[in-house]
$ cat query_15.txt   # compact mmCIF, C-alpha atoms
# COMPACT_ATOMS: atom_id res chain seq x y z
CA MET O 8 156.12 -45.37 -24.74
CA LYS O 9 159.38 -43.46 -25.08
CA MET O 10 161.50 -46.49 -24.24
CA ASP O 11 162.00 -49.38 -26.63
CA PRO O 12 161.97 -52.66 -24.63
CA LEU O 13 163.32 -54.58 -27.62
CA ASN O 14 166.62 -52.66 -27.81
CA GLU O 15 168.06 -54.38 -24.74
CA LEU O 16 166.80 -57.72 -26.03
CA ARG O 17 168.50 -57.25 -29.41
CA PHE O 18 171.71 -56.25 -27.66
CA THR O 19 171.54 -59.36 -25.47
CA PHE O 20 171.14 -61.64 -28.49
CA LYS O 21 174.13 -59.99 -30.19
CA VAL O 22 176.34 -60.33 -27.11
CA GLY O 23 175.49 -64.03 -26.85
CA GLY O 24 176.31 -64.62 -30.52
CA PHE O 25 172.76 -65.51 -31.56
CA TRP O 26 172.08 -62.61 -33.91
CA TYR O 27 174.25 -62.11 -36.96
CA TYR O 28 174.19 -62.93 -40.65
CA PHE O 29 177.00 -63.19 -43.16
CA SER O 30 174.87 -61.16 -45.56
CA GLU O 31 175.15 -58.10 -43.30
CA ARG O 32 178.76 -57.62 -44.49
CA ASN O 33 179.94 -56.70 -41.02
CA VAL O 34 183.30 -58.47 -41.34
CA PHE O 35 184.55 -57.62 -37.86
CA GLN O 36 181.40 -58.95 -36.19
CA VAL O 37 181.48 -62.15 -38.25
CA ILE O 38 185.14 -62.75 -37.33
CA LEU O 39 184.36 -62.26 -33.64
CA GLN O 40 181.46 -64.70 -33.85
CA ILE O 41 183.57 -67.33 -35.62
CA LEU O 42 186.25 -66.92 -32.93
CA HIS O 43 183.55 -67.22 -30.27
CA GLN O 44 182.31 -70.54 -31.70
CA ALA O 45 185.85 -71.84 -32.20
CA VAL O 46 186.92 -71.15 -28.60
CA LEU O 47 183.79 -72.78 -27.13
CA ASN O 48 184.18 -75.91 -29.29
CA PHE O 49 187.94 -76.18 -28.83
CA ALA O 50 187.70 -75.87 -25.06
CA LEU O 51 184.97 -78.51 -24.77
CA PHE O 52 186.67 -81.11 -26.99
CA LEU O 53 190.05 -80.42 -25.41
CA ASN O 54 188.54 -80.88 -21.98
CA ILE O 55 187.02 -84.22 -22.99
CA TYR O 56 190.35 -85.29 -24.51
CA CYS O 57 192.20 -84.50 -21.26
CA ILE O 58 189.72 -86.53 -19.23
CA CYS O 59 190.00 -89.50 -21.61
CA ARG O 60 193.79 -89.26 -21.47
CA ASP O 61 194.18 -88.91 -17.70
CA GLY O 62 191.19 -90.97 -16.61
CA LEU O 63 188.01 -89.85 -14.90
CA LYS O 64 189.20 -90.39 -11.35
CA GLN O 65 192.46 -88.47 -11.79
CA SER O 66 190.67 -85.59 -13.53
CA MET O 67 188.10 -85.09 -10.77
CA GLY O 68 189.97 -82.27 -9.05
CA SER O 69 191.45 -80.56 -12.11
CA THR O 70 190.16 -80.68 -15.70
CA MET O 71 186.87 -82.31 -14.76
CA ILE O 72 185.72 -79.27 -12.80
CA TYR O 73 185.20 -77.38 -16.07
CA LEU O 74 183.40 -80.11 -17.99
CA PRO O 75 179.81 -79.63 -16.63
CA PRO O 76 179.71 -75.84 -17.21
CA ALA O 77 181.42 -76.32 -20.61
CA ILE O 78 178.71 -78.78 -21.64
CA VAL O 79 175.92 -76.49 -20.41
CA VAL O 80 177.38 -73.46 -22.18
CA ASN O 81 177.86 -75.28 -25.50
CA VAL O 82 174.50 -77.08 -25.49
CA CYS O 83 172.52 -73.98 -24.51
CA HIS O 84 174.51 -71.80 -26.90
CA TYR O 85 173.77 -73.96 -29.93
CA ALA O 86 170.16 -74.51 -28.85
CA LEU O 87 169.67 -70.79 -29.58
CA TYR O 88 172.37 -70.38 -32.24
CA PHE O 89 170.50 -72.61 -34.69
CA ARG O 90 167.25 -70.71 -34.02
CA GLN O 91 168.28 -67.41 -35.59
CA THR O 92 165.43 -67.45 -38.10
CA GLU O 93 162.94 -68.08 -35.30
CA ILE O 94 164.56 -65.34 -33.20
CA LYS O 95 164.09 -62.84 -36.03
CA GLU O 96 160.46 -63.94 -36.42
CA LEU O 97 159.90 -63.57 -32.67
CA LEU O 98 161.41 -60.08 -32.54
CA ASP O 99 159.28 -59.01 -35.52
CA THR O 100 156.19 -60.45 -33.79
CA LEU O 101 156.96 -58.66 -30.52
CA GLU O 102 157.58 -55.40 -32.38
CA SER O 103 154.18 -55.73 -34.04
CA VAL O 104 152.45 -56.61 -30.75
CA MET O 105 154.16 -53.84 -28.76
CA SER O 106 153.10 -51.20 -31.28
CA LYS O 107 149.52 -51.59 -30.00
CA ASN O 108 147.82 -50.66 -26.72
CA LYS O 109 150.14 -47.75 -25.97
CA GLU O 110 148.08 -46.50 -23.02
CA GLU O 111 148.03 -49.90 -21.31
CA ARG O 112 151.77 -50.29 -21.83
CA GLU O 113 152.37 -47.05 -19.96
CA ILE O 114 150.63 -48.63 -16.97
CA PHE O 115 153.08 -51.55 -17.05
CA LYS O 116 156.13 -49.45 -17.91
CA ASN O 117 157.81 -50.38 -14.63
CA ASP O 118 157.60 -54.06 -15.58
CA TYR O 119 159.57 -53.36 -18.75
CA LEU O 120 162.09 -51.31 -16.79
CA PHE O 121 162.44 -54.16 -14.31
CA ALA O 122 163.34 -56.58 -17.12
CA VAL O 123 165.92 -54.13 -18.48
CA LYS O 124 167.41 -53.65 -15.00
CA ILE O 125 167.75 -57.42 -14.54
CA ALA O 126 169.68 -57.60 -17.81
CA LYS O 127 172.01 -54.74 -16.88
CA ILE O 128 172.66 -55.97 -13.33
CA SER O 129 173.40 -59.47 -14.63
CA ARG O 130 175.78 -58.07 -17.23
CA TYR O 131 177.76 -56.05 -14.71
CA THR O 132 177.77 -58.89 -12.15
CA LEU O 133 179.09 -61.47 -14.63
CA PHE O 134 181.78 -59.06 -15.83
CA LEU O 135 182.86 -58.28 -12.26
CA ILE O 136 183.05 -61.97 -11.35
CA TRP O 137 185.04 -62.69 -14.52
CA ILE O 138 187.53 -59.95 -13.59
CA MET O 139 187.82 -61.16 -9.98
CA PHE O 140 188.08 -64.91 -10.53
CA PHE O 141 189.80 -65.25 -13.90
CA THR O 142 191.35 -62.11 -15.35
CA THR O 143 193.08 -60.80 -12.21
CA PRO O 144 194.74 -64.13 -11.23
CA GLN O 145 196.00 -64.65 -14.79
CA ILE O 146 197.39 -61.12 -15.01
CA MET O 147 199.12 -61.54 -11.65
CA GLU O 148 200.53 -64.91 -12.74
CA LEU O 149 201.89 -63.34 -15.94
CA ILE O 150 203.45 -60.44 -14.02
CA PHE O 151 205.06 -62.83 -11.53
CA TYR O 152 206.46 -64.84 -14.44
CA LEU O 153 207.87 -61.80 -16.27
CA VAL O 154 209.63 -60.37 -13.20
CA GLY O 155 210.91 -63.78 -12.10
CA LEU O 156 209.07 -64.01 -8.79
CA ASN O 157 207.63 -67.14 -7.25
CA GLU O 158 204.43 -68.57 -8.66
CA PHE O 159 201.31 -66.59 -7.84
CA PRO O 160 199.66 -68.47 -4.96
CA VAL O 161 196.05 -68.25 -6.20
CA TYR O 162 195.43 -70.13 -9.42
CA VAL O 163 192.41 -71.80 -10.97
CA PRO O 164 193.13 -75.17 -12.68
CA SER O 165 193.29 -74.57 -16.43
CA ILE O 166 190.82 -76.09 -18.85
CA ILE O 167 193.76 -77.07 -21.08
CA ASN O 168 195.41 -79.12 -18.35
CA TYR O 169 198.99 -79.04 -19.70
CA ILE O 170 199.01 -80.60 -23.12
CA PHE O 171 201.31 -78.90 -25.55
CA MET O 172 204.25 -77.75 -23.42
CA GLU O 173 206.47 -79.02 -20.68
CA LYS O 174 205.39 -78.13 -17.18
CA GLY O 175 206.60 -74.74 -16.05
CA ARG O 176 205.69 -71.10 -15.56
CA LEU O 177 205.36 -70.32 -19.27
CA GLN O 178 203.03 -73.24 -19.74
CA THR O 179 200.98 -72.11 -16.76
CA CYS O 180 200.66 -68.58 -18.19
CA VAL O 181 199.65 -69.80 -21.67
CA CYS O 182 197.10 -72.21 -20.26
CA GLY O 183 195.78 -69.53 -17.93
CA LEU O 184 195.42 -66.97 -20.71
CA PHE O 185 193.45 -69.44 -22.83
CA GLY O 186 191.32 -70.23 -19.81
CA THR O 187 190.58 -66.53 -19.45
CA LEU O 188 189.62 -66.31 -23.14
CA TRP O 189 187.34 -69.33 -22.80
CA THR O 190 185.66 -67.95 -19.68
CA ALA O 191 185.05 -64.66 -21.53
CA CYS O 192 183.34 -66.47 -24.43
CA ALA O 193 181.42 -68.67 -21.99
CA MET O 194 180.33 -65.56 -20.08
CA PHE O 195 179.01 -63.94 -23.29
CA SER O 196 177.08 -67.10 -24.21
CA HIS O 197 175.75 -67.59 -20.70
CA TYR O 198 174.63 -63.97 -20.46
CA GLY O 199 173.02 -63.99 -23.91
CA PHE O 200 171.22 -67.29 -23.35
CA THR O 201 169.98 -66.69 -19.80
CA ILE O 202 168.99 -63.04 -19.98
CA SER O 203 167.36 -63.25 -23.42
CA ASN O 204 165.18 -66.17 -22.33
CA ILE O 205 164.19 -64.56 -19.03
CA THR O 206 163.47 -61.23 -20.75
CA LEU O 207 161.28 -62.93 -23.37
CA LEU O 208 159.29 -64.72 -20.66
CA ILE O 209 158.81 -61.45 -18.75
CA TYR O 210 157.66 -59.64 -21.91
CA TYR O 211 155.11 -62.33 -22.67
CA HIS O 212 153.87 -62.23 -19.09
CA ILE O 213 153.34 -58.48 -19.52
CA GLU O 214 151.24 -59.15 -22.65
CA LEU O 215 149.00 -61.42 -20.58
CA LYS O 216 148.72 -58.77 -17.86
CA ILE O 217 147.70 -56.18 -20.46
CA PHE O 218 144.99 -58.51 -21.78
CA LYS O 219 143.67 -59.08 -18.26
CA HIS O 220 143.69 -55.33 -17.64
CA LYS O 221 141.62 -54.76 -20.77
CA ILE O 222 139.11 -57.38 -19.62
CA ASP O 223 138.74 -55.68 -16.23
CA TYR O 224 138.56 -52.07 -17.38
CA GLN O 225 137.36 -52.12 -21.01
CA TYR O 226 135.49 -55.26 -21.98
CA ALA O 227 133.52 -55.48 -18.73
CA LYS O 228 131.98 -52.01 -19.32
CA PHE O 229 130.46 -52.92 -22.67
CA PHE O 230 129.87 -56.62 -22.14
CA VAL O 231 126.07 -56.41 -21.92
CA SER O 232 125.37 -53.70 -24.51
CA HIS O 233 124.89 -53.12 -28.18
CA ARG O 234 128.70 -53.16 -28.56
CA MET O 235 128.94 -56.75 -27.33
CA TYR O 236 129.72 -58.09 -30.80
CA TYR O 237 132.77 -55.83 -31.07
CA VAL O 238 133.87 -56.82 -27.57
CA PHE O 239 133.79 -60.51 -28.54
CA LYS O 240 135.59 -59.77 -31.78
CA ASP O 241 138.35 -57.89 -29.96
CA ILE O 242 138.73 -60.63 -27.31
CA ILE O 243 139.05 -63.33 -29.98
CA SER O 244 141.56 -61.21 -31.89
CA VAL O 245 143.73 -60.72 -28.79
CA GLN O 246 143.52 -64.42 -27.92
CA GLN O 247 144.69 -65.40 -31.40
CA GLU O 248 147.53 -62.89 -31.23
CA LEU O 249 148.65 -64.19 -27.85
CA LEU O 250 148.56 -67.79 -29.09
CA ARG O 251 150.61 -66.92 -32.18
CA THR O 252 153.15 -65.08 -30.04
CA LEU O 253 153.31 -67.98 -27.59
CA GLN O 254 153.96 -70.45 -30.39
CA VAL O 255 156.78 -68.33 -31.82
CA LEU O 256 158.16 -67.85 -28.31
CA LYS O 257 158.16 -71.60 -27.67
CA ASN O 258 159.91 -72.20 -30.99
CA VAL O 259 162.79 -70.09 -29.67
CA VAL O 260 163.08 -70.78 -25.94
CA ALA O 261 161.20 -73.99 -25.06
CA LEU O 262 163.78 -76.49 -26.31
CA ALA O 263 166.70 -74.37 -25.06
CA LEU O 264 165.20 -74.08 -21.58
CA GLY O 265 164.41 -77.80 -21.62
CA PHE O 266 168.09 -78.55 -22.31
CA GLN O 267 169.12 -76.13 -19.58
CA ASN O 268 166.82 -77.69 -16.98
CA ALA O 269 167.94 -81.21 -17.91
CA ILE O 270 171.69 -80.52 -17.74
CA ILE O 271 171.77 -77.95 -14.96
CA ALA O 272 170.92 -80.62 -12.37
CA LEU O 273 174.20 -82.37 -13.23
CA CYS O 274 176.07 -79.08 -12.99
CA ILE O 275 174.67 -78.19 -9.57
CA CYS O 276 175.47 -81.70 -8.36
CA TYR O 277 179.08 -81.52 -9.54
CA PHE O 278 179.55 -77.98 -8.18
CA LEU O 279 178.53 -79.24 -4.74
CA TYR O 280 180.83 -82.23 -5.10
CA THR O 281 183.79 -80.03 -6.12
CA ILE O 282 183.17 -77.73 -3.15
CA THR O 283 183.27 -80.66 -0.74
CA VAL O 284 186.37 -82.43 -2.14
CA SER O 285 188.58 -79.60 -3.42
CA GLU O 286 191.57 -78.58 -1.32
CA SER O 287 191.81 -75.12 -2.90
CA SER O 288 189.92 -72.37 -1.08
CA PHE O 289 189.87 -70.34 -4.29
CA VAL O 290 188.24 -73.19 -6.23
CA LYS O 291 185.71 -73.65 -3.44
CA LEU O 292 184.84 -69.96 -3.59
CA LEU O 293 184.62 -70.02 -7.39
CA PHE O 294 182.32 -73.03 -7.48
CA SER O 295 180.19 -71.70 -4.64
CA TYR O 296 179.52 -68.72 -6.89
CA ALA O 297 178.87 -71.06 -9.85
CA PHE O 298 176.42 -73.06 -7.76
CA MET O 299 174.48 -69.92 -6.79
CA LEU O 300 174.58 -68.60 -10.38
CA TYR O 301 173.17 -71.76 -11.99
CA LEU O 302 170.61 -72.21 -9.23
CA ALA O 303 169.49 -68.59 -9.73
CA ASP O 304 169.26 -69.10 -13.51
CA ALA O 305 167.04 -72.15 -13.12
CA SER O 306 164.94 -70.53 -10.38
CA ILE O 307 164.27 -67.28 -12.25
CA SER O 308 163.43 -68.94 -15.58
CA CYS O 309 161.17 -71.53 -13.91
CA TYR O 310 159.47 -68.82 -11.85
CA ALA O 311 158.88 -66.72 -14.98
CA GLY O 312 157.33 -69.75 -16.69
CA GLU O 313 155.14 -70.31 -13.61
CA LEU O 314 153.98 -66.67 -13.77
CA ILE O 315 152.82 -67.18 -17.36
CA GLU O 316 150.82 -70.25 -16.36
CA SER O 317 149.28 -68.44 -13.37
CA GLU O 318 148.39 -65.37 -15.42
CA SER O 319 146.70 -67.45 -18.12
CA HIS O 320 144.62 -69.13 -15.39
CA GLU O 321 143.69 -65.72 -13.95
CA ILE O 322 142.60 -64.57 -17.41
CA PHE O 323 140.19 -67.50 -17.57
CA GLN O 324 138.84 -66.67 -14.10
CA THR O 325 138.39 -63.01 -15.06
CA LEU O 326 136.54 -63.90 -18.26
CA TYR O 327 134.35 -66.35 -16.38
CA GLY O 328 133.55 -63.58 -13.89
CA LEU O 329 131.93 -61.45 -16.61
CA PRO O 330 128.07 -61.41 -16.58
CA TRP O 331 127.78 -63.98 -19.37
CA TYR O 332 124.49 -65.24 -17.86
CA GLU O 333 122.79 -61.95 -18.86
CA ILE O 334 123.45 -62.26 -22.59
CA ASP O 335 121.27 -64.04 -25.12
CA ALA O 336 121.74 -67.68 -26.14
CA ASN O 337 123.53 -66.98 -29.46
CA ASN O 338 126.12 -64.72 -27.86
CA ARG O 339 126.43 -67.12 -24.97
CA ARG O 340 127.51 -69.89 -27.36
CA MET O 341 130.16 -67.59 -28.84
CA PHE O 342 131.38 -66.66 -25.37
CA LYS O 343 131.60 -70.34 -24.49
CA LEU O 344 134.15 -70.79 -27.28
CA ILE O 345 136.15 -67.89 -25.84
CA LEU O 346 136.10 -69.54 -22.41
CA LEU O 347 137.16 -72.90 -23.85
CA GLN O 348 140.15 -71.24 -25.47
CA ALA O 349 141.03 -69.30 -22.31
CA LYS O 350 140.80 -72.46 -20.21
CA LYS O 351 143.86 -73.95 -21.92
CA THR O 352 146.86 -73.23 -19.70
CA MET O 353 149.67 -71.42 -21.49
CA LYS O 354 152.88 -73.32 -20.78
CA ILE O 355 156.45 -72.87 -21.92
CA GLU O 356 157.12 -76.43 -23.02
CA TYR O 357 158.55 -78.26 -26.00
CA LYS O 358 155.98 -80.51 -27.71
CA GLY O 359 154.21 -81.27 -24.46
CA THR O 360 157.39 -82.04 -22.51
CA ALA O 361 160.14 -80.15 -20.64
CA ALA O 362 157.83 -77.54 -19.13
CA THR O 363 159.49 -74.53 -17.50
CA ASN O 364 157.74 -73.98 -14.16
CA LEU O 365 158.23 -74.45 -10.42
CA GLU O 366 157.52 -78.16 -10.72
CA SER O 367 160.52 -78.44 -13.05
CA LEU O 368 162.64 -76.53 -10.52
CA LEU O 369 161.67 -79.03 -7.84
CA GLN O 370 162.66 -81.90 -10.13
CA ILE O 371 166.02 -80.19 -10.78
CA MET O 372 166.74 -79.93 -7.06
CA GLN O 373 165.70 -83.53 -6.40
CA ALA O 374 167.85 -84.82 -9.27
CA SER O 375 170.83 -82.70 -8.12
CA TYR O 376 170.64 -84.13 -4.62
CA SER O 377 170.36 -87.69 -5.93
CA TYR O 378 173.37 -87.27 -8.25
CA PHE O 379 175.37 -85.61 -5.46
CA MET O 380 174.74 -88.48 -3.04
CA LEU O 381 175.68 -90.94 -5.81
CA LEU O 382 179.01 -89.16 -6.40
CA LYS O 383 179.74 -89.04 -2.69
CA SER O 384 179.22 -92.79 -2.42
CA ILE O 385 181.74 -93.59 -5.16

$ encode --input "query_15.txt" --output "structure tokens"
Amino acid sequence: MKMDPLNELRFTFKVGGFWYYFSERNVFQVILQILHQAVLNFALFLNIYCICRDGLKQSMGSTMIYLPPAIVVNVCHYALYFRQTEIKELLDTLESVMSKNKEEREIFKNDYLFAVKIAKISRYTLFLIWIMFFTTPQIMELIFYLVGLNEFPVYVPSIINYIFMEKGRLQTCVCGLFGTLWTACAMFSHYGFTISNITLLIYYHIELKIFKHKIDYQYAKFFVSHRMYYVFKDIISVQQELLRTLQVLKNVVALALGFQNAIIALCICYFLYTITVSESSFVKLLFSYAFMLYLADASISCYAGELIESESHEIFQTLYGLPWYEIDANNRRMFKLILLQAKKTMKIEYKGTAATNLESLLQIMQASYSYFMLLKSI
């Protein structure tokens, strides 16, 4: 293949702040990453401080609107940030796996291109939304302040919520500029976390499709022949490689996706609540977008996990469809072990819990509705 599917993945990890080492001596990159972490942490703790100071009920329409996404961004960010060693191991594993079966990969080239397109479209969409909802209003507010005009009519409540300065236009501009910086860092983390996980799931799904293709068009031809031993040997080798890759993949994404699925229900619930109670049309529009964004994140990742489970089941069905009844008893016992291994469903889950599939998506939606109704009744 002329294209390198891992290049976009490496870039995504770097943008999200999950791929750097102090030993690389890239001072500028290290400084940016430290600033990234500092802004995320400062914004979250400052937000919590404001809520504790003003009270939960009074903060509902102002500072509180940023708390759920701030929690999701920080939790998901650090769920991957502390997995940098596992990320490097996973990328090395994928590089080794993708160096094989060149002809089969050409057949599924469009699948790789699709994953890259998703990453690029998401990047441009997030950047456009950031410009529209955060950067432009803050720039207009600053211009209005400098030329002495009335306050810009469209303004998003700041995450700082007026702490260090007396109320006024200067305070509004400073708070707004910090809010814009925080949303930029949150956007980088959100993009890096979401797209890297989805891309990894798509790449693993492609590996399963390649294995199934080999069963249909290679192994089936020589199943009942003198080359049967080599067919079995190759099948077992591919199975072991897929299992190793799956384990490394789960070490990176399973816990992070489990955190995302657990917290995102609260976010969706609060987004809906903010939309229904806020008096600002701009805030309603902003959180309508946030609702669709988080729902799309959960839906795509859960659907990708469901595809992996379905493909592993199809692999078992394809293997079972081979003419195993025509081979001798010794080889039949060996093939039985292959079937037993293939029968185990491949799931993206963390130690048997927090599976990422459509069932989890349904649980997210049910929990979101329950929390929303609870908030409405308060």

$ residues_around --input "query_15.txt" --residues "stretch 362-365 of chain O" --least-positions-apart "4" --cutoff "6 Å" --atoms "all atoms listed in the file" --output "list in words"
Cys309, Tyr310, Gly312, Glu313, Ile355 and Glu356 of chain O

$ closest_residue --input "query_15.txt" --among "O:Ala311, O:Val22, O:Ala191, O:Met139" --to "O:Tyr211" --atoms "only C-alpha atoms"
O:Ala311

$ residues_around --input "query_15.txt" --residues "stretch 79-92 of chain O" --least-positions-apart "4" --cutoff "8 Å" --atoms "all atoms listed in the file" --output "compact mmCIF listing (two decimals) with C-alpha atoms, in the coordinates of the input"
# COMPACT_ATOMS: atom_id res chain seq x y z
CA GLY O 23 175.49 -64.03 -26.85
CA GLY O 24 176.31 -64.62 -30.52
CA PHE O 25 172.76 -65.51 -31.56
CA TRP O 26 172.08 -62.61 -33.91
CA LEU O 47 183.79 -72.78 -27.13
CA ASN O 48 184.18 -75.91 -29.29
CA LEU O 51 184.97 -78.51 -24.77
CA PRO O 75 179.81 -79.63 -16.63
CA GLU O 96 160.46 -63.94 -36.42
CA ALA O 193 181.42 -68.67 -21.99
CA SER O 196 177.08 -67.10 -24.21
CA HIS O 197 175.75 -67.59 -20.70
CA PHE O 200 171.22 -67.29 -23.35
CA VAL O 259 162.79 -70.09 -29.67
CA VAL O 260 163.08 -70.78 -25.94
CA LEU O 262 163.78 -76.49 -26.31
CA ALA O 263 166.70 -74.37 -25.06
CA LEU O 264 165.20 -74.08 -21.58
CA PHE O 266 168.09 -78.55 -22.31
CA GLN O 267 169.12 -76.13 -19.58
CA ILE O 270 171.69 -80.52 -17.74
CA ILE O 271 171.77 -77.95 -14.96
CA CYS O 274 176.07 -79.08 -12.99

$ closest_residue --input "query_15.txt" --among "O:Tyr73, O:Ile205, O:Ala261, O:Phe379" --to "O:Phe294" --atoms "all atoms listed in the file"
O:Tyr73

$ residues_near_point --input "query_15.txt" --point "(138.5, -66.0, -26.1)" --cutoff "7 Å" --atoms "all atoms listed in the file" --output "PyMOL selection string"
chain O and resi 242-243+246+344-346+348-349

$ atom_distance --input "query_15.txt" --atom1 "atom CA of O:Lys354" --atom2 "atom CA of O:Glu316"
5.8 Å

$ atom_distance --input "query_15.txt" --atom1 "atom CA of O:Ala374" --atom2 "atom CA of O:Ser317"
25.1 Å

$ residues_around --input "query_15.txt" --residues "O:Leu39" --least-positions-apart "4" --cutoff "12 Å" --atoms "all atoms listed in the file" --output "PyMOL selection string"
chain O and resi 21-24+27+33-35+43-46+192+195

$ residues_around --input "query_15.txt" --residues "stretch 207-209 of chain O" --least-positions-apart "6" --cutoff "12 Å" --atoms "only C-alpha atoms" --output "PyMOL selection string"
chain O and resi 12-13+15-17+19-20+94+97-98+100-101+115+117-123+125-126+199-201+215-216+252-253+255-257+259-261+264+307-316+318+353-355+363-364

$ atom_distance --input "query_15.txt" --atom1 "atom CA of O:Ile55" --atom2 "atom CA of O:Pro76"
12.5 Å

$ closest_residue --input "query_15.txt" --among "O:Leu188, O:Ile41, O:Leu74, O:Ala227" --to "O:Trp331" --atoms "all atoms listed in the file"
O:Ala227

$ closest_residue --input "query_15.txt" --among "O:Ile136, O:Met380, O:Cys57, O:Ile371" --to "O:Ala269" --atoms "all atoms listed in the file"
O:Ile371

$ axis_aligned_box --input "query_15.txt" --around "stretch 288-304 of chain O" --padding-each-side "3 Å" --output "AutoDock Vina command-line options"
--center_x 179.6 --center_y -71.1 --center_z -7.3 --size_x 26.7 --size_y 11.1 --size_z 18.4
